[in-house]
Amino acid sequence: MKLLTRTNIYFLILTLLVFSLGGEVFYKRLHAINKADADERLEQEKERVLNYVKTNQALPYNTVLLGDSVAFLPVNGTKEEKIGHFKTYNKLEKEYESYQTITFNVALANQAYQAIIYRPLLESDDLTAGIAEAIAIIACCLIIVLLVSNFVISKIVWLPFYKTLEKIKLFDLIKENRIEFDKTNTMEFKALNDVLESMTTKIVSDYGSLKKFTENASHELQTPLAIIQTKLELLIQSENLSEKQIEDIKAVYDSAGRLSRLNQALLLLAKIENKQFAKTQLVEVNELIERKIEAFDELLKHKNISVEKHLSPVSLMMHPALADMLINNLIGNAIKHNINGGRLTIRLTEKRLSIENTGNPLTTSPEDLFQRFRKNNNASDSLGLGLAIVKEICSEYLFQVDYKYADGIHIISVRF
C-alpha cells in the first residue's frame, strides 16, 4: 500500500471518528435543550392555569387559548406534582408521537383536581432530527472536500520524493552513471537527495575500482602462472633429473595448474557478482546441451557412462558465456561424481532442467553442496567451486536450483 493511500485511510478513520463523536454529542445536547425548553413552557402554562382558576374561579376549557391540551381529573386530596414523558401511536399518521406532560394540583371551591397539560414534542423532535441531518450532510461534504484537498496537496508535497524514487529505480550500476536529483525546497527531501547522491556516487566509484581490480587480477595473475607452468614443462623434460626431482617438479606443476584454475573460478564469481555479464541474448539450451555432451564424449566413454536425453526446444535470455558455464558445470559435475558404468539422464522442459546421475551417497550435508570450497570428497582434486558457480548464475537470472538423492540417483534441478 502506498504511503499516501495509508495516510488518507488513517485521516479518514480519524475524521469519521471525530465527526461521529461530535455528532452524537451535538444531537444529545440539542435534544436536551429542546426538552428543557418544553419543560419551561409547561411550567409557564401551569402558572397560567393556576392564575386563570384563581381569577375566574372556574376551570379553563379553552385549550386553544392555552396552546396545549389540558385535562382535569377530580381527586381526593392532593397528588404528587411531576413532569413526565410518554409516547402514543397516531393511527392517522401511522407513527408514534412523543408528549411532554406536567401534572399538578388545582383547588376549586371544595373540590380538588389533578391537572395534566400535554405538550407534543413532534415539532421539537423533527427540528432536532432536521438539524442533525443537516449537520451530517455538511460533515460528509466537509470530509469529501478534506480528503480530496489532502490528496491533491499530498501529491504536490510528495512529488519530489516520488521523482527521487523513480530515479533510484532506474539507476543502473552497470552503466556507471551518476544520478542527478531534481532541486527541491523541502528540507527533508533535499537532505534525502544529498545522501542518496553521495551514496550512489560512492557505489559507482567502488564498483569501478572493483571491476578494474578484477580485470587486472585476471591478467596479472594468469600471466605469471602460465609462465611458471611453461617453465616447469621445460624443466621436467630436462635430462639427468632424478625420479625424486621429477616428482617434485610434477607436484609444483599440478599446484600451479590448480592455482590457475582457482584464480579463474574466483574471478568468474567476482564478475558474476559485479554484474559484468549484463548483456543477454536468446540461448538455445537444448542445442547447447547437445554440444556439451559431444565435448564430454571421450570422458563419458572412458568411464563407460550411458547417456539418456529428453530434450525439448527451450530458449532462455542469458549471457552466452554464463549459459555455457552453467551447462558445462552441471554436466561436468554429473560425470565427475558418477561411477564407472553409470548412467547420466538429462531432462529439459520449458520450466526445468534436470541432471540425474548414478553415484555414491553424499558424505556431507546437501545444503553445503552449493557453498564455496565445499566438496563431497576432500581428497579429490576438485576446487569445490563448480556448483557455487552454478548457484551464482542461477541467482543472477532468478532461477531456483535444488538437489535431492533417491535410490542411488543424484538429481540437480534448475527451475527457470
# chains A, B, ... in the order shown; residues from 1 in each chain; ligands from 1
>>> residues_around(residues="Val70 in chain A", least_positions_apart="4", cutoff="7 Å", atoms="only C-alpha atoms", output="NGL selection string")
:A and (63 or 115-118)
>>> residues_around(residues="range 319-330 of chain A", least_positions_apart="5", cutoff="9 Å", atoms="only C-alpha atoms", output="CSV table (one decimal) with N, CA and C atoms, in the first residue's frame")
chain,number,residue,atom,x,y,z
A,272,ILE,N,30.5,-12.3,-12.0
A,272,ILE,CA,29.1,-12.5,-11.9
A,272,ILE,C,28.4,-11.6,-10.9
A,277,PHE,N,28.3,-9.5,-16.7
A,277,PHE,CA,27.7,-10.2,-17.8
A,277,PHE,C,26.3,-9.8,-18.0
A,278,ALA,N,26.2,-8.5,-18.2
A,278,ALA,CA,24.8,-7.8,-18.3
A,278,ALA,C,24.1,-8.1,-19.6
A,279,LYS,N,24.9,-8.2,-20.7
A,279,LYS,CA,24.3,-8.4,-22.0
A,279,LYS,C,23.7,-9.8,-22.1
A,280,THR,N,22.5,-9.8,-22.7
A,280,THR,CA,21.8,-11.1,-22.8
A,280,THR,C,21.3,-11.3,-24.3
A,281,GLN,N,21.1,-12.6,-24.6
A,281,GLN,CA,20.6,-12.9,-25.9
A,281,GLN,C,19.9,-14.3,-25.8
A,282,LEU,N,19.1,-14.6,-26.8
A,282,LEU,CA,18.4,-15.9,-26.8
A,282,LEU,C,19.4,-17.0,-26.9
A,283,VAL,N,19.4,-17.9,-26.0
A,283,VAL,CA,20.3,-19.1,-26.0
A,283,VAL,C,19.5,-20.4,-26.1
A,285,VAL,N,19.0,-23.7,-25.3
A,285,VAL,CA,19.6,-24.5,-24.3
A,285,VAL,C,19.7,-26.0,-24.7
A,288,LEU,N,22.8,-26.3,-26.8
A,288,LEU,CA,24.0,-26.1,-26.0
A,288,LEU,C,24.3,-27.4,-25.3
A,289,ILE,N,23.2,-28.1,-24.8
A,289,ILE,CA,23.4,-29.4,-24.1
A,289,ILE,C,24.0,-30.4,-25.0
A,292,LYS,N,27.6,-29.9,-25.5
A,292,LYS,CA,28.4,-30.2,-24.3
A,292,LYS,C,28.6,-31.7,-24.2
A,335,ILE,N,29.3,-36.0,-14.4
A,335,ILE,CA,30.2,-37.0,-14.9
A,335,ILE,C,31.3,-37.3,-13.9
A,355,ILE,N,19.4,-32.8,-14.1
A,355,ILE,CA,20.5,-33.6,-14.4
A,355,ILE,C,20.6,-34.7,-13.4
A,386,GLY,N,32.5,-25.5,-8.5
A,386,GLY,CA,31.6,-25.7,-9.7
A,386,GLY,C,30.2,-25.4,-9.4
A,387,LEU,N,29.6,-26.1,-8.3
A,387,LEU,CA,28.2,-25.8,-8.0
A,387,LEU,C,28.0,-24.5,-7.4
A,389,ILE,N,29.4,-21.8,-8.6
A,389,ILE,CA,29.3,-21.0,-9.8
A,389,ILE,C,27.9,-21.2,-10.4
A,390,VAL,N,27.4,-22.5,-10.3
A,390,VAL,CA,26.0,-22.8,-10.8
A,390,VAL,C,25.0,-22.0,-10.0
A,391,LYS,N,25.2,-22.0,-8.7
A,391,LYS,CA,24.3,-21.2,-7.8
A,391,LYS,C,24.3,-19.7,-8.1
A,393,ILE,N,25.1,-18.2,-10.9
A,393,ILE,CA,24.5,-18.0,-12.2
A,393,ILE,C,23.0,-18.0,-12.1
A,394,CYS,N,22.5,-19.0,-11.4
A,394,CYS,CA,21.0,-19.1,-11.2
A,394,CYS,C,20.5,-17.9,-10.4
A,412,ILE,N,20.1,-32.9,-9.7
A,412,ILE,CA,20.2,-31.4,-9.6
A,412,ILE,C,19.2,-30.8,-10.6
>>> residues_around(residues="Ile83 in chain A", least_positions_apart="4", cutoff="10 Å", atoms="only C-alpha atoms", output="ChimeraX atom specification")
/A:39,42-43,100-104,116-117
>>> write_last_selection(atoms="N, CA and C atoms", output="PDB file, in the first residue's frame")
ATOM      1  N   ASP A  39     -40.017  21.773  29.037  1.00  0.00           N
ATOM      2  CA  ASP A  39     -40.322  21.788  30.472  1.00  0.00           C
ATOM      3  C   ASP A  39     -40.607  23.209  30.956  1.00  0.00           C
ATOM      4  N   LEU A  42     -44.038  24.257  29.824  1.00  0.00           N
ATOM      5  CA  LEU A  42     -45.071  23.605  30.623  1.00  0.00           C
ATOM      6  C   LEU A  42     -45.228  24.298  31.980  1.00  0.00           C
ATOM      7  N   GLU A  43     -44.121  24.677  32.574  1.00  0.00           N
ATOM      8  CA  GLU A  43     -44.179  25.409  33.843  1.00  0.00           C
ATOM      9  C   GLU A  43     -44.923  26.731  33.673  1.00  0.00           C
ATOM     10  N   GLN A 100     -44.710  15.661  26.174  1.00  0.00           N
ATOM     11  CA  GLN A 100     -44.161  16.069  27.451  1.00  0.00           C
ATOM     12  C   GLN A 100     -45.344  16.512  28.331  1.00  0.00           C
ATOM     13  N   THR A 101     -45.430  16.032  29.554  1.00  0.00           N
ATOM     14  CA  THR A 101     -46.576  16.340  30.428  1.00  0.00           C
ATOM     15  C   THR A 101     -46.118  16.937  31.743  1.00  0.00           C
ATOM     16  N   ILE A 102     -46.993  17.732  32.302  1.00  0.00           N
ATOM     17  CA  ILE A 102     -46.791  18.234  33.658  1.00  0.00           C
ATOM     18  C   ILE A 102     -48.078  17.993  34.442  1.00  0.00           C
ATOM     19  N   THR A 103     -47.938  17.421  35.589  1.00  0.00           N
ATOM     20  CA  THR A 103     -49.094  17.095  36.443  1.00  0.00           C
ATOM     21  C   THR A 103     -49.011  17.925  37.726  1.00  0.00           C
ATOM     22  N   PHE A 104     -50.115  18.595  38.071  1.00  0.00           N
ATOM     23  CA  PHE A 104     -50.126  19.436  39.282  1.00  0.00           C
ATOM     24  C   PHE A 104     -51.545  19.483  39.861  1.00  0.00           C
ATOM     25  N   ILE A 116     -53.508  18.010  34.133  1.00  0.00           N
ATOM     26  CA  ILE A 116     -52.438  17.440  33.287  1.00  0.00           C
ATOM     27  C   ILE A 116     -52.387  18.221  31.986  1.00  0.00           C
ATOM     28  N   ILE A 117     -51.255  18.830  31.715  1.00  0.00           N
ATOM     29  CA  ILE A 117     -51.052  19.563  30.452  1.00  0.00           C
ATOM     30  C   ILE A 117     -50.182  18.696  29.546  1.00  0.00           C
TER      31      ILE A 117
END
>>> residues_around(residues="range 152-164 of chain A", least_positions_apart="5", cutoff="12 Å", atoms="only C-alpha atoms", output="number ranges by chain")
A: 2-8, 145-147, 169-171, 179-197
>>> residues_around(residues="Gln229 in chain A", least_positions_apart="4", cutoff="8 Å", atoms="only C-alpha atoms", output="PyMOL selection string")
chain A and resi 225+233+253+256-257
>>> write_last_selection(atoms="N, CA and C atoms", output="PDB file, in the first residue's frame")
ATOM      1  N   LEU A 225      51.407 -17.294 -13.718  1.00  0.00           N
ATOM      2  CA  LEU A 225      51.064 -18.705 -13.547  1.00  0.00           C
ATOM      3  C   LEU A 225      51.333 -19.475 -14.842  1.00  0.00           C
ATOM      4  N   GLU A 233      57.218 -27.247 -17.464  1.00  0.00           N
ATOM      5  CA  GLU A 233      57.149 -28.228 -18.550  1.00  0.00           C
ATOM      6  C   GLU A 233      58.521 -28.418 -19.201  1.00  0.00           C
ATOM      7  N   TYR A 253      54.025 -28.369 -10.591  1.00  0.00           N
ATOM      8  CA  TYR A 253      53.277 -28.107 -11.823  1.00  0.00           C
ATOM      9  C   TYR A 253      51.772 -28.286 -11.578  1.00  0.00           C
ATOM     10  N   ALA A 256      50.493 -25.416  -9.494  1.00  0.00           N
ATOM     11  CA  ALA A 256      50.367 -24.196 -10.294  1.00  0.00           C
ATOM     12  C   ALA A 256      49.119 -24.254 -11.172  1.00  0.00           C
ATOM     13  N   GLY A 257      48.830 -25.438 -11.735  1.00  0.00           N
ATOM     14  CA  GLY A 257      47.618 -25.598 -12.538  1.00  0.00           C
ATOM     15  C   GLY A 257      46.369 -25.427 -11.700  1.00  0.00           C
TER      16      GLY A 257
END
>>> closest_residue(among="A:Arg291, A:Arg29, A:Lys309, A:Lys404", to="Ala132 in chain A", atoms="only C-alpha atoms")
A:Arg29
>>> closest_residue(among="A:Tyr27, A:Phe399, A:Phe370, A:Phe416", to="Ala136 in chain A", atoms="only C-alpha atoms")
A:Tyr27
>>> select_by_dssp(residues="range 132-327 of chain A", states="alpha helix (DSSP H)", output="MDAnalysis selection string")
chainID A and resid 132:169 187:236 243:273 285:295 297:302 320:327
>>> write_last_selection(atoms="C-alpha atoms", output="short mmCIF file (atom, residue, chain, number, x, y, z; two decimals), in the first residue's frame")
data_model
loop_
_atom_site.label_atom_id
_atom_site.label_comp_id
_atom_site.auth_asym_id
_atom_site.auth_seq_id
_atom_site.Cartn_x
_atom_site.Cartn_y
_atom_site.Cartn_z
CA ALA A 132 -28.79 16.63 12.95
CA GLU A 133 -29.40 15.54 9.34
CA ALA A 134 -28.18 18.88 8.05
CA ILE A 135 -25.06 18.60 10.22
CA ALA A 136 -24.46 15.04 8.91
CA ILE A 137 -24.71 16.23 5.29
CA ILE A 138 -22.38 19.14 5.99
CA ALA A 139 -19.96 16.75 7.72
CA CYS A 140 -19.97 14.34 4.76
CA CYS A 141 -19.34 17.17 2.31
CA LEU A 142 -16.59 18.51 4.53
CA ILE A 143 -14.95 15.07 4.76
CA ILE A 144 -15.02 14.69 0.97
CA VAL A 145 -13.55 18.16 0.49
CA LEU A 146 -10.85 17.47 3.10
CA LEU A 147 -9.97 14.10 1.56
CA VAL A 148 -9.74 15.49 -1.98
CA SER A 149 -7.76 18.53 -0.88
CA ASN A 150 -5.50 16.37 1.29
CA PHE A 151 -4.90 14.00 -1.63
CA VAL A 152 -4.08 16.83 -4.04
CA ILE A 153 -1.88 18.68 -1.54
CA SER A 154 -0.06 15.45 -0.58
CA LYS A 155 0.54 14.67 -4.24
CA ILE A 156 2.13 18.07 -4.71
CA VAL A 157 4.12 17.92 -1.46
CA TRP A 158 5.36 14.34 -2.05
CA LEU A 159 6.12 14.84 -5.76
CA PRO A 160 9.89 15.34 -5.18
CA PHE A 161 10.00 12.10 -3.19
CA TYR A 162 8.34 10.09 -5.97
CA LYS A 163 10.69 11.63 -8.54
CA THR A 164 13.65 10.60 -6.39
CA LEU A 165 12.20 7.09 -6.02
CA GLU A 166 11.77 6.78 -9.79
CA LYS A 167 15.37 7.80 -10.41
CA ILE A 168 16.57 5.23 -7.87
CA LYS A 169 14.53 2.54 -9.65
CA MET A 187 14.40 20.43 3.63
CA GLU A 188 13.80 16.72 4.34
CA PHE A 189 13.69 15.75 0.65
CA LYS A 190 16.77 17.85 -0.05
CA ALA A 191 18.66 16.02 2.73
CA LEU A 192 17.45 12.67 1.32
CA ASN A 193 18.62 13.57 -2.21
CA ASP A 194 22.01 14.67 -0.89
CA VAL A 195 22.52 11.40 0.99
CA LEU A 196 21.40 9.28 -1.97
CA GLU A 197 23.56 11.22 -4.41
CA SER A 198 26.60 10.78 -2.17
CA MET A 199 25.81 7.10 -1.67
CA THR A 200 25.30 6.28 -5.35
CA THR A 201 28.44 8.19 -6.30
CA LYS A 202 30.42 6.11 -3.79
CA ILE A 203 28.82 2.89 -5.03
CA VAL A 204 29.66 3.70 -8.66
CA SER A 205 33.24 4.57 -7.68
CA ASP A 206 33.70 1.39 -5.63
CA TYR A 207 32.16 -0.72 -8.38
CA GLY A 208 34.51 0.79 -10.96
CA SER A 209 37.50 0.13 -8.71
CA LEU A 210 36.42 -3.45 -8.06
CA LYS A 211 35.81 -4.05 -11.74
CA LYS A 212 39.26 -2.76 -12.64
CA PHE A 213 40.82 -4.87 -9.90
CA THR A 214 39.06 -7.96 -11.22
CA GLU A 215 40.21 -7.30 -14.77
CA ASN A 216 43.77 -6.52 -13.71
CA ALA A 217 43.96 -9.51 -11.38
CA SER A 218 42.71 -11.78 -14.14
CA HIS A 219 45.57 -10.66 -16.39
CA GLU A 220 48.33 -10.13 -13.85
CA LEU A 221 47.85 -13.44 -12.03
CA GLN A 222 47.28 -15.62 -15.05
CA THR A 223 50.43 -14.41 -16.82
CA PRO A 224 52.98 -15.47 -14.16
CA LEU A 225 51.06 -18.70 -13.55
CA ALA A 226 51.26 -19.52 -17.25
CA ILE A 227 54.99 -18.73 -17.24
CA ILE A 228 55.53 -20.99 -14.21
CA GLN A 229 53.71 -23.86 -15.90
CA THR A 230 55.66 -23.37 -19.13
CA LYS A 231 59.00 -23.29 -17.32
CA LEU A 232 58.05 -26.40 -15.34
CA GLU A 233 57.15 -28.23 -18.55
CA LEU A 234 60.56 -27.39 -19.98
CA LEU A 235 62.27 -28.30 -16.73
CA ILE A 236 60.59 -31.68 -16.48
CA GLU A 243 62.95 -39.62 -10.11
CA LYS A 244 62.54 -37.63 -6.90
CA GLN A 245 63.16 -34.34 -8.73
CA ILE A 246 60.69 -35.25 -11.44
CA GLU A 247 58.01 -36.00 -8.81
CA ASP A 248 58.70 -32.70 -7.04
CA ILE A 249 58.50 -30.75 -10.28
CA LYS A 250 55.28 -32.51 -11.22
CA ALA A 251 53.79 -31.66 -7.79
CA VAL A 252 54.69 -27.99 -8.30
CA TYR A 253 53.28 -28.11 -11.82
CA ASP A 254 49.97 -29.61 -10.57
CA SER A 255 49.77 -27.00 -7.80
CA ALA A 256 50.37 -24.20 -10.29
CA GLY A 257 47.62 -25.60 -12.54
CA ARG A 258 45.27 -25.86 -9.59
CA LEU A 259 46.11 -22.30 -8.57
CA SER A 260 45.43 -21.12 -12.12
CA ARG A 261 42.01 -22.82 -12.16
CA LEU A 262 41.21 -21.46 -8.72
CA ASN A 263 42.11 -17.94 -9.83
CA GLN A 264 39.90 -18.21 -12.90
CA ALA A 265 36.97 -19.60 -10.89
CA LEU A 266 37.16 -16.90 -8.21
CA LEU A 267 37.49 -14.15 -10.79
CA LEU A 268 34.49 -15.58 -12.62
CA LEU A 269 32.43 -15.49 -9.42
CA ALA A 270 33.51 -11.89 -8.80
CA LYS A 271 32.50 -10.90 -12.34
CA ILE A 272 29.09 -12.52 -11.93
CA GLU A 273 28.53 -10.76 -8.60
CA VAL A 285 19.59 -24.55 -24.27
CA ASN A 286 18.82 -27.88 -25.94
CA GLU A 287 21.43 -27.25 -28.64
CA LEU A 288 23.96 -26.14 -26.00
CA ILE A 289 23.41 -29.40 -24.09
CA GLU A 290 23.94 -31.43 -27.26
CA ARG A 291 27.27 -29.65 -27.90
CA LYS A 292 28.42 -30.21 -24.31
CA ILE A 293 27.63 -33.91 -24.45
CA GLU A 294 29.75 -34.15 -27.61
CA ALA A 295 32.57 -32.26 -25.85
CA ASP A 297 32.27 -37.75 -25.25
CA GLU A 298 35.78 -39.02 -24.51
CA LEU A 299 35.30 -38.77 -20.77
CA LEU A 300 31.93 -40.48 -21.00
CA LYS A 301 33.46 -43.35 -22.96
CA HIS A 302 36.38 -43.56 -20.55
CA PRO A 320 26.06 -16.89 -23.74
CA ALA A 321 29.18 -17.32 -21.59
CA LEU A 322 27.14 -17.83 -18.41
CA ALA A 323 24.78 -20.25 -20.15
CA ASP A 324 27.79 -22.21 -21.36
CA MET A 325 29.33 -22.30 -17.86
CA LEU A 326 26.03 -23.34 -16.28
CA ILE A 327 25.53 -26.35 -18.56
#
>>> atom_distance(atom1="CA of Tyr403 in chain A", atom2="CA of Leu369 in chain A")
8.5 Å
>>> closest_residue(among="A:Asn338, A:Ser413, A:Thr88, A:Asn333", to="Ile305 in chain A", atoms="only C-alpha atoms")
A:Asn338
